[in-house]
$ cat structure.cif   # mmCIF, C-alpha atoms
data_structure
#
loop_
_atom_site.label_atom_id
_atom_site.label_comp_id
_atom_site.auth_asym_id
_atom_site.auth_seq_id
_atom_site.Cartn_x
_atom_site.Cartn_y
_atom_site.Cartn_z
CA MET A 1 -17.52 -25.94 -61.54
CA THR A 2 -14.55 -23.56 -61.34
CA THR A 3 -16.83 -20.64 -60.44
CA LEU A 4 -18.38 -22.67 -57.64
CA LEU A 5 -14.96 -23.57 -56.23
CA ILE A 6 -13.82 -19.94 -56.32
CA LEU A 7 -17.02 -18.81 -54.61
CA THR A 8 -16.58 -21.50 -51.94
CA ILE A 9 -12.99 -20.37 -51.31
CA VAL A 10 -14.09 -16.75 -50.94
CA LEU A 11 -16.83 -17.68 -48.47
CA LEU A 12 -14.45 -19.84 -46.43
CA LEU A 13 -11.86 -17.04 -46.34
CA MET A 14 -14.55 -14.67 -45.07
CA ALA A 15 -15.51 -17.15 -42.34
CA SER A 16 -11.86 -17.60 -41.40
CA ALA A 17 -11.47 -13.81 -41.24
CA PHE A 18 -14.44 -13.66 -38.87
CA PHE A 19 -12.84 -16.13 -36.46
CA SER A 20 -9.47 -14.37 -36.62
CA ALA A 21 -11.08 -11.01 -35.87
CA SER A 22 -13.14 -12.53 -33.06
CA GLU A 23 -10.04 -14.07 -31.47
CA THR A 24 -8.30 -10.68 -31.42
CA ALA A 25 -11.37 -8.74 -30.30
CA VAL A 26 -12.30 -11.02 -27.41
CA THR A 27 -8.79 -10.75 -25.93
CA SER A 28 -8.46 -6.99 -26.57
CA ALA A 29 -11.92 -5.82 -25.48
CA SER A 30 -11.74 -3.72 -22.33
CA ARG A 31 -13.32 -5.48 -19.36
CA ALA A 32 -13.86 -2.10 -17.69
CA LYS A 33 -15.83 -0.73 -20.67
CA LEU A 34 -17.89 -3.90 -20.94
CA HIS A 35 -18.58 -3.79 -17.20
CA GLN A 36 -19.87 -0.24 -17.53
CA LEU A 37 -22.03 -1.14 -20.55
CA ALA A 38 -23.45 -4.12 -18.65
CA LYS A 39 -24.33 -1.85 -15.71
CA GLU A 40 -26.19 0.37 -18.16
CA GLY A 41 -28.31 -2.61 -19.25
CA ASP A 42 -26.61 -3.77 -22.48
CA GLU A 43 -27.20 -7.52 -22.55
CA ARG A 44 -24.63 -7.97 -25.34
CA ALA A 45 -21.95 -6.73 -22.97
CA ASN A 46 -23.03 -9.36 -20.43
CA ILE A 47 -22.66 -12.06 -23.08
CA ILE A 48 -19.14 -10.90 -23.89
CA ARG A 49 -18.21 -10.75 -20.21
CA ARG A 50 -19.37 -14.34 -19.73
CA LEU A 51 -17.29 -15.39 -22.74
CA GLN A 52 -14.23 -13.60 -21.34
CA GLU A 53 -14.64 -15.50 -18.08
CA LYS A 54 -14.04 -18.66 -20.18
CA MET A 55 -11.27 -17.09 -22.23
CA GLY A 56 -9.22 -20.24 -22.65
CA ALA A 57 -12.15 -22.29 -23.94
CA VAL A 58 -13.34 -19.49 -26.25
CA ILE A 59 -9.90 -19.05 -27.83
CA SER A 60 -9.59 -22.80 -28.25
CA VAL A 61 -12.96 -22.98 -30.04
CA LEU A 62 -12.05 -20.10 -32.33
CA LEU A 63 -8.69 -21.63 -33.20
CA THR A 64 -10.30 -24.99 -33.85
CA CYS A 65 -12.85 -23.50 -36.24
CA ASN A 66 -10.23 -21.37 -37.95
CA THR A 67 -7.87 -24.30 -38.43
CA MET A 68 -10.61 -26.46 -39.94
CA LEU A 69 -11.64 -23.68 -42.33
CA ASN A 70 -8.08 -22.97 -43.47
CA THR A 71 -7.45 -26.68 -44.03
CA LEU A 72 -10.63 -26.93 -46.09
CA VAL A 73 -9.66 -23.85 -48.10
CA ALA A 74 -6.25 -25.32 -48.87
CA PHE A 75 -7.82 -28.61 -50.00
CA ILE A 76 -10.35 -26.90 -52.31
CA ALA A 77 -7.65 -24.59 -53.69
CA ALA A 78 -5.45 -27.57 -54.53
CA GLU A 79 -8.34 -29.10 -56.48
CA LEU A 80 -9.01 -25.79 -58.26
CA PHE A 81 -5.36 -25.24 -59.27
CA ASP A 82 -5.04 -28.89 -60.33
CA ASN A 83 -7.92 -28.45 -62.74
CA ALA A 84 -6.52 -25.14 -64.03
CA GLY A 85 -2.78 -25.82 -64.28
CA GLY A 86 -2.00 -29.45 -63.60
CA TRP A 87 1.14 -30.17 -61.59
CA VAL A 88 2.29 -26.55 -61.94
CA GLY A 89 -0.98 -25.43 -60.35
CA LYS A 90 -0.51 -27.88 -57.48
CA LEU A 91 3.00 -26.50 -56.94
CA LEU A 92 1.81 -22.87 -56.85
CA ALA A 93 -1.36 -23.50 -54.82
CA PRO A 94 0.27 -23.52 -51.32
CA PHE A 95 2.12 -20.25 -51.96
CA ILE A 96 -0.84 -18.41 -53.45
CA MET A 97 -3.36 -19.62 -50.87
CA GLY A 98 -0.87 -19.04 -48.05
CA ALA A 99 -0.56 -15.41 -49.09
CA LEU A 100 -4.34 -15.00 -49.44
CA ILE A 101 -5.01 -16.58 -46.03
CA LEU A 102 -2.30 -14.52 -44.36
CA ILE A 103 -3.49 -11.21 -45.81
CA TYR A 104 -7.27 -11.57 -45.98
CA ALA A 105 -7.98 -14.12 -43.22
CA GLU A 106 -5.39 -13.14 -40.63
CA VAL A 107 -3.76 -9.70 -40.87
CA MET A 108 -6.65 -7.60 -42.22
CA PRO A 109 -9.37 -8.92 -39.87
CA LYS A 110 -7.09 -8.56 -36.85
CA MET A 111 -6.39 -4.94 -37.83
CA VAL A 112 -10.13 -4.28 -38.06
CA ALA A 113 -10.76 -5.91 -34.68
CA LEU A 114 -7.97 -3.96 -32.95
CA ASN A 115 -9.38 -0.70 -34.30
CA GLY A 116 -12.49 -1.16 -32.14
CA PRO A 117 -12.62 -4.46 -30.22
CA GLU A 118 -15.59 -3.52 -28.03
CA ARG A 119 -17.64 -2.30 -30.99
CA PHE A 120 -16.83 -5.45 -32.98
CA MET A 121 -17.67 -7.76 -30.10
CA LEU A 122 -21.01 -6.05 -29.46
CA ARG A 123 -22.01 -6.65 -33.07
CA VAL A 124 -21.08 -10.35 -33.14
CA SER A 125 -21.79 -11.27 -29.50
CA ASN A 126 -24.87 -13.41 -30.15
CA LEU A 127 -23.35 -15.21 -33.14
CA LEU A 128 -20.11 -15.86 -31.28
CA ASN A 129 -22.00 -17.17 -28.26
CA PHE A 130 -23.95 -19.56 -30.50
CA ILE A 131 -20.76 -20.83 -32.19
CA PHE A 132 -19.09 -21.31 -28.81
CA ARG A 133 -21.98 -23.40 -27.50
CA LEU A 134 -22.14 -25.39 -30.73
CA PHE A 135 -18.47 -26.34 -30.92
CA ARG A 136 -17.75 -26.54 -27.19
CA PRO A 137 -18.24 -30.36 -27.02
CA LEU A 138 -15.84 -30.91 -29.94
CA ASN A 139 -13.31 -28.61 -28.34
CA ASN A 140 -13.60 -30.49 -25.05
CA VAL A 141 -12.74 -33.74 -26.83
CA ILE A 142 -9.74 -32.14 -28.57
CA THR A 143 -8.53 -30.61 -25.30
CA TYR A 144 -8.90 -33.94 -23.49
CA VAL A 145 -6.87 -35.78 -26.13
CA ALA A 146 -4.16 -33.11 -26.04
CA ARG A 147 -3.89 -33.20 -22.23
CA GLU A 148 -3.78 -36.98 -22.12
CA THR A 149 -1.06 -37.00 -24.77
CA LEU A 150 0.99 -34.51 -22.76
CA SER A 151 0.48 -36.51 -19.58
CA LEU A 152 2.08 -39.52 -21.28
CA VAL A 153 5.36 -37.60 -21.44
CA GLY A 154 5.02 -36.25 -17.89
CA ILE A 155 3.68 -32.76 -18.64
CA LYS A 156 0.82 -31.67 -16.41
CA THR A 157 -1.40 -28.80 -17.57
CA SER A 158 -3.83 -26.55 -15.73
CA GLY A 159 -6.13 -23.90 -17.10
CA GLN A 160 -6.12 -21.88 -13.88
CA THR A 161 -4.32 -18.56 -13.54
CA SER A 162 -2.67 -17.89 -10.20
CA LEU A 163 -3.55 -14.82 -8.17
CA TYR A 164 0.12 -13.86 -8.14
CA ALA A 165 0.25 -13.86 -11.95
CA SER A 166 -2.88 -11.71 -12.11
CA LEU A 167 -1.42 -9.19 -9.67
CA GLU A 168 1.85 -9.03 -11.58
CA GLU A 169 -0.04 -8.41 -14.81
CA LEU A 170 -2.01 -5.64 -13.11
CA ARG A 171 1.21 -4.07 -11.81
CA GLY A 172 2.62 -4.18 -15.33
CA ILE A 173 -0.46 -2.40 -16.67
CA ILE A 174 -0.08 0.27 -13.98
CA ASP A 175 3.59 0.77 -14.93
CA MET A 176 2.54 1.27 -18.55
CA HIS A 177 -0.07 3.85 -17.60
CA GLN A 178 0.79 7.15 -19.29
CA GLY A 179 -1.00 10.45 -19.75
CA PRO A 180 -0.52 14.13 -20.51
CA GLY A 181 -1.02 15.36 -16.95
CA GLN A 182 1.67 15.90 -14.34
CA ASP A 183 -0.27 13.75 -11.84
CA VAL A 184 0.30 10.49 -13.73
CA PRO A 185 3.33 9.39 -11.61
CA GLN A 186 1.29 10.03 -8.46
CA GLU A 187 -1.61 8.03 -9.90
CA ARG A 188 0.70 5.11 -10.64
CA ALA A 189 2.13 5.27 -7.13
CA MET A 190 -1.33 5.31 -5.55
CA LEU A 191 -2.54 2.31 -7.55
CA LYS A 192 0.58 0.31 -6.70
CA SER A 193 0.26 1.22 -3.03
CA ILE A 194 -3.31 -0.12 -2.96
CA LEU A 195 -2.11 -3.45 -4.38
CA ASP A 196 0.68 -3.59 -1.79
CA LEU A 197 -1.53 -3.04 1.28
CA GLY A 198 -1.83 -6.76 1.88
CA SER A 199 1.93 -7.40 1.66
CA VAL A 200 3.30 -4.50 3.73
CA HIS A 201 3.54 -4.91 7.51
CA ILE A 202 2.78 -2.08 9.90
CA GLY A 203 6.30 -2.44 11.29
CA GLU A 204 7.53 -0.96 8.00
CA ILE A 205 5.51 2.26 8.27
CA MET A 206 5.09 2.78 12.02
CA ILE A 207 6.44 5.80 13.88
CA HIS A 208 9.34 4.56 15.99
CA ARG A 209 8.97 4.88 19.74
CA LYS A 210 11.88 7.32 19.99
CA ASN A 211 9.83 9.76 17.88
CA VAL A 212 6.61 9.22 19.84
CA THR A 213 5.50 11.85 22.37
CA MET A 214 4.44 10.08 25.57
CA LEU A 215 3.16 11.36 28.90
CA ASN A 216 4.42 10.19 32.30
CA ALA A 217 1.49 9.68 34.67
CA ASP A 218 3.83 10.19 37.64
CA ASN A 219 4.40 13.84 36.69
CA PRO A 220 2.23 16.57 38.19
CA THR A 221 -0.99 17.21 36.30
CA SER A 222 0.02 20.80 35.53
CA MET A 223 3.20 19.55 33.81
CA ILE A 224 1.19 17.01 31.81
CA LEU A 225 -1.24 19.73 30.72
CA ASP A 226 1.67 21.88 29.56
CA GLN A 227 2.95 18.95 27.49
CA VAL A 228 -0.49 18.42 25.96
CA LEU A 229 -0.85 22.09 25.03
CA SER A 230 2.62 22.24 23.44
CA CYS A 231 2.09 19.01 21.47
CA PRO A 232 0.49 19.06 17.99
CA PHE A 233 -1.05 15.59 18.41
CA THR A 234 -4.55 14.79 19.65
CA ARG A 235 -3.87 11.29 21.02
CA LEU A 236 -0.97 10.56 23.36
CA PRO A 237 0.13 7.36 25.13
CA VAL A 238 0.37 7.57 28.93
CA TYR A 239 2.88 5.42 30.82
CA LYS A 240 3.63 4.91 34.48
CA GLY A 241 7.17 4.44 35.72
CA ASP A 242 8.60 2.70 32.61
CA PRO A 243 7.82 3.90 29.05
CA ASP A 244 7.08 0.25 28.19
CA ASN A 245 4.31 0.26 30.81
CA ILE A 246 1.57 1.98 28.79
CA ILE A 247 -1.50 2.38 31.01
CA GLY A 248 -3.80 4.32 28.69
CA MET A 249 -4.39 6.74 25.85
CA LEU A 250 -5.14 10.41 26.42
CA ASN A 251 -7.32 12.34 24.00
CA THR A 252 -6.89 16.14 24.10
CA LYS A 253 -10.66 16.60 23.73
CA ALA A 254 -11.17 14.58 26.90
CA VAL A 255 -8.56 16.76 28.62
CA LEU A 256 -10.39 19.95 27.62
CA ARG A 257 -13.71 18.57 28.91
CA ALA A 258 -12.10 17.50 32.20
CA VAL A 259 -10.36 20.86 32.69
CA ARG A 260 -13.60 22.74 32.06
CA GLN A 261 -15.50 20.61 34.58
CA HIS A 262 -12.73 20.67 37.19
CA SER A 263 -12.57 23.42 39.79
CA GLY A 264 -9.64 24.14 42.01
CA ASN A 265 -5.96 23.23 41.68
CA MET A 266 -5.13 21.49 38.38
CA ASP A 267 -2.71 19.16 40.15
CA ASP A 268 -5.73 17.59 41.85
CA LEU A 269 -7.09 16.45 38.48
CA ASP A 270 -6.62 12.70 38.03
CA ILE A 271 -5.27 12.24 34.49
CA GLN A 272 -5.54 8.45 34.64
CA SER A 273 -9.30 8.72 35.15
CA ILE A 274 -9.79 10.27 31.69
CA THR A 275 -7.51 7.92 29.77
CA THR A 276 -8.90 5.13 27.58
CA LYS A 277 -7.69 1.56 27.29
CA PRO A 278 -4.67 1.25 24.97
CA TRP A 279 -4.90 -0.95 21.89
CA PHE A 280 -1.83 -3.06 21.15
CA VAL A 281 -1.24 -4.66 17.73
CA PRO A 282 1.64 -6.89 16.52
CA GLU A 283 4.15 -5.45 14.08
CA SER A 284 3.46 -8.36 11.70
CA ASN A 285 -0.06 -7.14 10.88
CA ASP A 286 -0.40 -6.12 7.24
CA LEU A 287 -1.77 -2.71 6.29
CA LEU A 288 -4.96 -4.07 4.72
CA GLY A 289 -5.88 -6.02 7.82
CA GLN A 290 -5.00 -3.09 10.09
CA LEU A 291 -7.08 -0.72 7.99
CA GLN A 292 -10.07 -3.03 8.33
CA ALA A 293 -9.40 -3.30 12.08
CA PHE A 294 -9.39 0.50 12.39
CA ARG A 295 -12.76 0.63 10.66
CA ALA A 296 -14.25 -2.18 12.74
CA ARG A 297 -13.12 -0.68 16.06
CA ARG A 298 -13.68 2.92 14.96
CA GLU A 299 -10.19 3.71 16.19
CA HIS A 300 -7.48 5.89 14.66
CA PHE A 301 -4.50 4.94 16.83
CA ALA A 302 -2.73 1.72 17.84
CA LEU A 303 0.44 0.83 19.75
CA VAL A 304 2.79 -1.53 17.92
CA VAL A 305 4.59 -4.29 19.85
CA ASP A 306 6.97 -7.07 18.89
CA GLU A 307 6.65 -10.78 19.62
CA PHE A 308 7.89 -10.20 23.19
CA GLY A 309 5.35 -7.46 23.88
CA VAL A 310 7.96 -4.69 23.80
CA LEU A 311 6.67 -1.35 22.53
CA LEU A 312 8.12 -0.55 19.11
CA GLY A 313 6.12 2.51 18.09
CA ILE A 314 2.68 3.63 16.97
CA VAL A 315 0.59 3.37 13.82
CA THR A 316 -2.36 5.59 12.93
CA LEU A 317 -5.10 5.55 10.34
CA GLU A 318 -3.44 8.55 8.72
CA ASP A 319 -0.20 6.58 8.32
CA ILE A 320 -1.99 3.91 6.30
CA LEU A 321 -3.88 6.43 4.19
CA GLU A 322 -0.64 8.25 3.47
CA GLU A 323 0.78 4.98 2.17
CA ILE A 324 -1.80 5.28 -0.60
CA VAL A 325 -2.05 9.01 -1.32
CA GLY A 326 1.35 10.19 -0.06
CA GLU A 327 2.00 12.82 2.58
CA ILE A 328 -1.18 14.78 3.14
CA ASP A 329 0.13 17.88 4.86
CA ASP A 330 3.21 18.75 2.76
CA GLU A 331 2.85 21.38 0.04
CA HIS A 332 6.38 21.17 -1.37
CA ASP A 333 7.36 19.49 -4.65
CA ILE A 334 9.03 16.61 -2.83
CA LYS A 335 6.23 15.23 -0.71
CA VAL A 336 8.43 13.30 1.71
CA ARG A 337 9.42 14.81 5.03
CA GLY A 338 13.17 14.66 5.52
CA VAL A 339 14.11 14.78 1.82
CA ARG A 340 15.88 17.86 0.48
CA PRO A 341 16.80 17.97 -3.23
CA GLN A 342 20.13 19.53 -4.11
CA PRO A 343 21.17 21.51 -7.22
CA ASP A 344 23.64 18.78 -8.27
CA GLY A 345 20.85 16.20 -8.56
CA SER A 346 21.50 14.52 -5.21
CA TYR A 347 19.16 14.35 -2.22
CA ILE A 348 19.99 14.91 1.43
CA ILE A 349 17.79 12.43 3.27
CA ASP A 350 17.13 11.76 6.94
CA GLY A 351 18.01 8.21 7.90
CA THR A 352 14.47 7.58 9.19
CA VAL A 353 12.81 8.23 5.81
CA THR A 354 11.16 5.04 4.56
CA ILE A 355 12.21 3.43 1.31
CA ARG A 356 8.59 3.11 0.26
CA ASP A 357 8.15 6.87 0.47
CA LEU A 358 11.26 7.44 -1.63
CA ASN A 359 10.21 4.91 -4.27
CA ARG A 360 6.69 6.31 -4.46
CA GLN A 361 7.50 10.01 -4.68
CA LEU A 362 10.81 9.93 -6.57
CA GLU A 363 9.96 6.86 -8.72
CA TRP A 364 13.07 5.03 -7.55
CA ASP A 365 13.36 1.27 -7.35
CA LEU A 366 15.21 0.65 -4.09
CA PRO A 367 14.36 -2.71 -2.48
CA ASP A 368 12.25 -2.44 0.67
CA GLU A 369 12.35 -6.11 1.69
CA PRO A 370 15.58 -6.09 3.75
CA ALA A 371 14.87 -2.82 5.61
CA ALA A 372 12.13 -0.22 6.06
CA THR A 373 14.29 2.93 6.12
CA VAL A 374 17.13 4.20 3.97
CA ALA A 375 19.51 3.96 6.95
CA GLY A 376 18.40 0.38 7.54
CA LEU A 377 19.02 -0.51 3.88
CA LEU A 378 22.53 0.92 4.12
CA LEU A 379 23.30 -1.03 7.28
CA HIS A 380 21.90 -4.20 5.71
CA HIS A 381 24.40 -4.00 2.85
CA VAL A 382 27.41 -2.59 4.70
CA ARG A 383 27.19 -4.97 7.70
CA LEU A 384 28.90 -2.41 9.95
CA ILE A 385 28.34 1.04 11.42
CA PRO A 386 29.88 3.37 8.80
CA GLU A 387 31.83 6.50 9.60
CA VAL A 388 30.93 10.02 8.52
CA ASP A 389 31.96 10.85 4.91
CA GLN A 390 32.17 7.21 3.86
CA ILE A 391 30.57 6.55 0.46
CA PHE A 392 28.98 3.34 -0.78
CA ILE A 393 27.45 2.24 -4.09
CA PHE A 394 24.30 0.10 -3.99
CA HIS A 395 21.54 -0.54 -6.54
CA ASN A 396 22.93 2.17 -8.86
CA PHE A 397 22.81 4.82 -6.10
CA LYS A 398 25.66 6.51 -4.23
CA PHE A 399 25.20 6.83 -0.46
CA GLN A 400 27.37 9.28 1.49
CA ILE A 401 27.18 9.35 5.28
CA LEU A 402 26.75 12.95 6.40
CA ARG A 403 25.87 12.61 10.08
CA ARG A 404 25.86 9.91 12.74
CA GLN A 405 24.61 10.08 16.32
CA ARG A 406 26.12 7.29 18.37
CA ASN A 407 25.31 4.16 16.36
CA GLN A 408 22.43 5.69 14.37
CA ILE A 409 22.85 7.05 10.83
CA THR A 410 20.81 10.24 10.84
CA LEU A 411 21.68 12.01 7.56
CA ILE A 412 22.66 10.62 4.15
CA ARG A 413 23.35 12.14 0.75
CA VAL A 414 21.86 9.88 -1.94
CA THR A 415 22.80 10.38 -5.59
CA PRO A 416 21.21 8.37 -8.44
CA LEU A 417 23.88 7.01 -10.78
CA THR A 418 23.05 6.51 -14.47
CA PRO A 419 24.83 4.59 -15.78
CA LEU A 420 26.96 2.96 -13.08
CA LYS A 421 30.67 3.40 -13.73
CA HIS A 422 32.44 0.21 -14.72
CA ASP A 423 35.07 0.59 -11.99
CA GLN A 424 32.54 0.90 -9.14
CA ARG A 425 31.36 -2.50 -8.02
CA ASP A 426 27.96 -2.68 -6.32
CA GLY A 427 28.41 -2.24 -2.57
CA GLU A 428 32.02 -1.11 -2.78
CA LEU A 429 33.39 1.48 -0.37
CA ILE A 430 34.78 4.15 -2.69
CA ALA A 431 35.82 6.99 -0.36
CA ASP A 432 36.65 7.77 3.26
#

$ encode --input "structure.cif" --output "structure tokens"
Amino acid sequence: MTTLLILTIVLLLMASAFFSASETAVTSASRAKLHQLAKEGDERANIIRRLQEKMGAVISVLLTCNTMLNTLVAFIAAELFDNAGGWVGKLLAPFIMGALILIYAEVMPKMVALNGPERFMLRVSNLLNFIFRLFRPLNNVITYVARETLSLVGIKTSGQTSLYASLEELRGIIDMHQGPGQDVPQERAMLKSILDLGSVHIGEIMIHRKNVTMLNADNPTSMILDQVLSCPFTRLPVYKGDPDNIIGMLNTKAVLRAVRQHSGNMDDLDIQSITTKPWFVPESNDLLGQLQAFRARREHFALVVDEFGVLLGIVTLEDILEEIVGEIDDEHDIKVRGVRPQPDGSYIIDGTVTIRDLNRQLEWDLPDEPAATVAGLLLHHVRLIPEVDQIFIFHNFKFQILRRQRNQITLIRVTPLTPLKHDQRDGELIAD
């Protein structure tokens, strides 16, 4: 009888170890690896993927089975120790069995599962699927009773995971991404930028109208052609009278074709006849939607306007792509135009440089919600137009005003502070 009880305990511990290992493996198995195996035709990987889609129910079934087995083991062990040692055996039974369950049914199987979760799951996929189907009705009853009990005390439960929580988890995984190569920070920045496309508005990345080269249709054609030849851009807005009155877009290729076909005085060439209809988009459009609009219209260029129809600037397909991959045409170490690193660890930055570019390339964590540019962020916190040489502390960075043109901050020295000195309060003016 004693031998039979010992054998039963051993078998139950092995079963409990199986469920513990399965619980760890099903949560640790890489969805990407399983997806690739499923594409290659491995049906076991498809089974595991279907189980992972019902992760909450699977874990609940495994915990239910494990709890029942451990309870049964404890009951049989109490009987065994009672027969062997009387009341002393009953007193020692919980401690001995607790140690055995902890070591052999919990810690060891979880270690084995973590060593190769995908390999373990592939081996037990069919058995685990059978157990899940078998005990699913019992688990549903247990879950129903638990939810109803919680509802009696006013606690509502839901098994759904919000999209926001999933995105935050994905961002956390990206932050934890490490590797031996020097391109890892850039990889992290690119992946984060892709996730942010739907939450960033084109008003945050557009080229401001004061930096946009525009052509005046009232000027002589020869003057317009000189402007086109001296300009590095291939698409230029054309206005008439007022820069807000955009009447068309001029493509340099169309200009070359028109010049070649035209004979006689260049001033007789009608520039307006070769312009195309301008495309206006609101500044509130997000980058993902604008990218899809570029693809649908087969356009590379759009004019950005505010809610009153006033021209704010332009946005191009290249601008959106650079939000993902960074500046395409810069070969320097700091891939942000307008950022110059200094030997003392500070950076001299143009006021028009966007905060997103700084965060992506320098791995800073400046907030980009209140303002799009570093000058805008400074004005948001200071609430006044600062003077040259004034210094402010914000977000563990020191900002020194180097140059101002009228009411625009054009050049700033930014110094990361680590750690922040105890006598410098955030946002305090510390020098004139």

$ resolve_selection --input "structure.cif" --expression "the PyMOL selection byres ((chain A and resi 272-284) around 6)" --output "PyMOL selection string"
chain A and resi 201-203+248-250+270-271+285+302-306

$ closest_residue --input "structure.cif" --among "A:Ile205, A:Leu215, A:Ala78, A:Leu114" --to "A:Ala371" --atoms "all atoms listed in the file"
A:Ile205

$ resolve_selection --input "structure.cif" --expression "the PyMOL selection byres ((chain A and resi 58) around 12)" --output "VMD selection string"
chain A and resid 19 22 to 27 48 to 57 59 to 65 128 to 137 139 to 140

$ residues_around --input "structure.cif" --residues "A:Arg119" --least-positions-apart "2" --cutoff "12 Å" --atoms "only C-alpha atoms" --output "MDAnalysis selection string"
chainID A and resid 21:22 25:26 28:30 33:34 37 44:45 48 112:117 121:125

$ atom_distance --input "structure.cif" --atom1 "atom CA of A:Val315" --atom2 "atom CA of A:His208"
9.1 Å

$ residues_near_point --input "structure.cif" --point "(7.7, 0.7, 30.5)" --cutoff "12 Å" --atoms "all atoms listed in the file" --output "PyMOL selection string"
chain A and resi 209+214-217+237-247+309-312

$ atom_distance --input "structure.cif" --atom1 "atom CA of A:Glu299" --atom2 "atom CA of A:Glu369"
28.5 Å

$ closest_residue --input "structure.cif" --among "A:Ile385, A:Ile76, A:Leu138, A:Val353" --to "A:Leu411" --atoms "all atoms listed in the file"
A:Val353

$ atom_distance --input "structure.cif" --atom1 "atom CA of A:Leu288" --atom2 "atom CA of A:Phe301"
15.1 Å

$ residues_around --input "structure.cif" --residues "stretch 339-348 of chain A" --least-positions-apart "3" --cutoff "6 Å" --atoms "all atoms listed in the file" --output "ChimeraX atom specification"
/A:336,412-415

$ closest_residue --input "structure.cif" --among "A:Leu11, A:Ala105, A:Ala296, A:Ile47" --to "A:His35" --atoms "only C-alpha atoms"
A:Ile47

$ resolve_selection --input "structure.cif" --expression "the PyMOL selection byres ((chain A and resi 100) around 12)" --output "PDB file with C-alpha atoms, in the coordinates of the input"
ATOM      1  CA  ILE A   9     -12.990 -20.370 -51.310  1.00  0.00           C
ATOM      2  CA  VAL A  10     -14.090 -16.750 -50.940  1.00  0.00           C
ATOM      3  CA  LEU A  12     -14.450 -19.840 -46.430  1.00  0.00           C
ATOM      4  CA  LEU A  13     -11.860 -17.040 -46.340  1.00  0.00           C
ATOM      5  CA  MET A  14     -14.550 -14.670 -45.070  1.00  0.00           C
ATOM      6  CA  SER A  16     -11.860 -17.600 -41.400  1.00  0.00           C
ATOM      7  CA  ALA A  17     -11.470 -13.810 -41.240  1.00  0.00           C
ATOM      8  CA  ASN A  70      -8.080 -22.970 -43.470  1.00  0.00           C
ATOM      9  CA  VAL A  73      -9.660 -23.850 -48.100  1.00  0.00           C
ATOM     10  CA  ALA A  74      -6.250 -25.320 -48.870  1.00  0.00           C
ATOM     11  CA  ALA A  77      -7.650 -24.590 -53.690  1.00  0.00           C
ATOM     12  CA  ALA A  93      -1.360 -23.500 -54.820  1.00  0.00           C
ATOM     13  CA  PRO A  94       0.270 -23.520 -51.320  1.00  0.00           C
ATOM     14  CA  PHE A  95       2.120 -20.250 -51.960  1.00  0.00           C
ATOM     15  CA  ILE A  96      -0.840 -18.410 -53.450  1.00  0.00           C
ATOM     16  CA  MET A  97      -3.360 -19.620 -50.870  1.00  0.00           C
ATOM     17  CA  GLY A  98      -0.870 -19.040 -48.050  1.00  0.00           C
ATOM     18  CA  ALA A  99      -0.560 -15.410 -49.090  1.00  0.00           C
ATOM     19  CA  ILE A 101      -5.010 -16.580 -46.030  1.00  0.00           C
ATOM     20  CA  LEU A 102      -2.300 -14.520 -44.360  1.00  0.00           C
ATOM     21  CA  ILE A 103      -3.490 -11.210 -45.810  1.00  0.00           C
ATOM     22  CA  TYR A 104      -7.270 -11.570 -45.980  1.00  0.00           C
ATOM     23  CA  ALA A 105      -7.980 -14.120 -43.220  1.00  0.00           C
ATOM     24  CA  GLU A 106      -5.390 -13.140 -40.630  1.00  0.00           C
ATOM     25  CA  VAL A 107      -3.760  -9.700 -40.870  1.00  0.00           C
ATOM     26  CA  MET A 108      -6.650  -7.600 -42.220  1.00  0.00           C
TER      27      MET A 108
END

$ closest_residue --input "structure.cif" --among "A:Thr213, A:Gln36, A:Gln408, A:Thr221" --to "A:Leu236" --atoms "all atoms listed in the file"
A:Thr213

$ build_atoms --input "structure.cif" --residues "stretch 302-309 of chain A" --atoms "N, CA and C atoms" --output "PDB file, keeping the file's coordinate frame"
ATOM      1  N   ALA A 302      -3.073   3.007  17.235  1.00  0.00           N
ATOM      2  CA  ALA A 302      -2.730   1.720  17.840  1.00  0.00           C
ATOM      3  C   ALA A 302      -1.256   1.722  18.224  1.00  0.00           C
ATOM      4  N   LEU A 303      -0.932   0.992  19.278  1.00  0.00           N
ATOM      5  CA  LEU A 303       0.440   0.830  19.750  1.00  0.00           C
ATOM      6  C   LEU A 303       1.010  -0.462  19.180  1.00  0.00           C
ATOM      7  N   VAL A 304       2.183  -0.392  18.588  1.00  0.00           N
ATOM      8  CA  VAL A 304       2.790  -1.530  17.920  1.00  0.00           C
ATOM      9  C   VAL A 304       3.789  -2.208  18.855  1.00  0.00           C
ATOM     10  N   VAL A 305       3.676  -3.525  18.993  1.00  0.00           N
ATOM     11  CA  VAL A 305       4.590  -4.290  19.850  1.00  0.00           C
ATOM     12  C   VAL A 305       5.199  -5.428  19.054  1.00  0.00           C
ATOM     13  N   ASP A 306       6.348  -5.931  19.553  1.00  0.00           N
ATOM     14  CA  ASP A 306       6.970  -7.070  18.890  1.00  0.00           C
ATOM     15  C   ASP A 306       6.477  -8.370  19.513  1.00  0.00           C
ATOM     16  N   GLU A 307       7.114  -9.474  19.146  1.00  0.00           N
ATOM     17  CA  GLU A 307       6.650 -10.780  19.620  1.00  0.00           C
ATOM     18  C   GLU A 307       6.823 -10.953  21.124  1.00  0.00           C
ATOM     19  N   PHE A 308       7.681 -10.119  21.751  1.00  0.00           N
ATOM     20  CA  PHE A 308       7.890 -10.200  23.190  1.00  0.00           C
ATOM     21  C   PHE A 308       7.042  -9.191  23.954  1.00  0.00           C
ATOM     22  N   GLY A 309       6.207  -8.452  23.238  1.00  0.00           N
ATOM     23  CA  GLY A 309       5.350  -7.460  23.880  1.00  0.00           C
ATOM     24  C   GLY A 309       6.031  -6.142  24.151  1.00  0.00           C
TER      25      GLY A 309
END
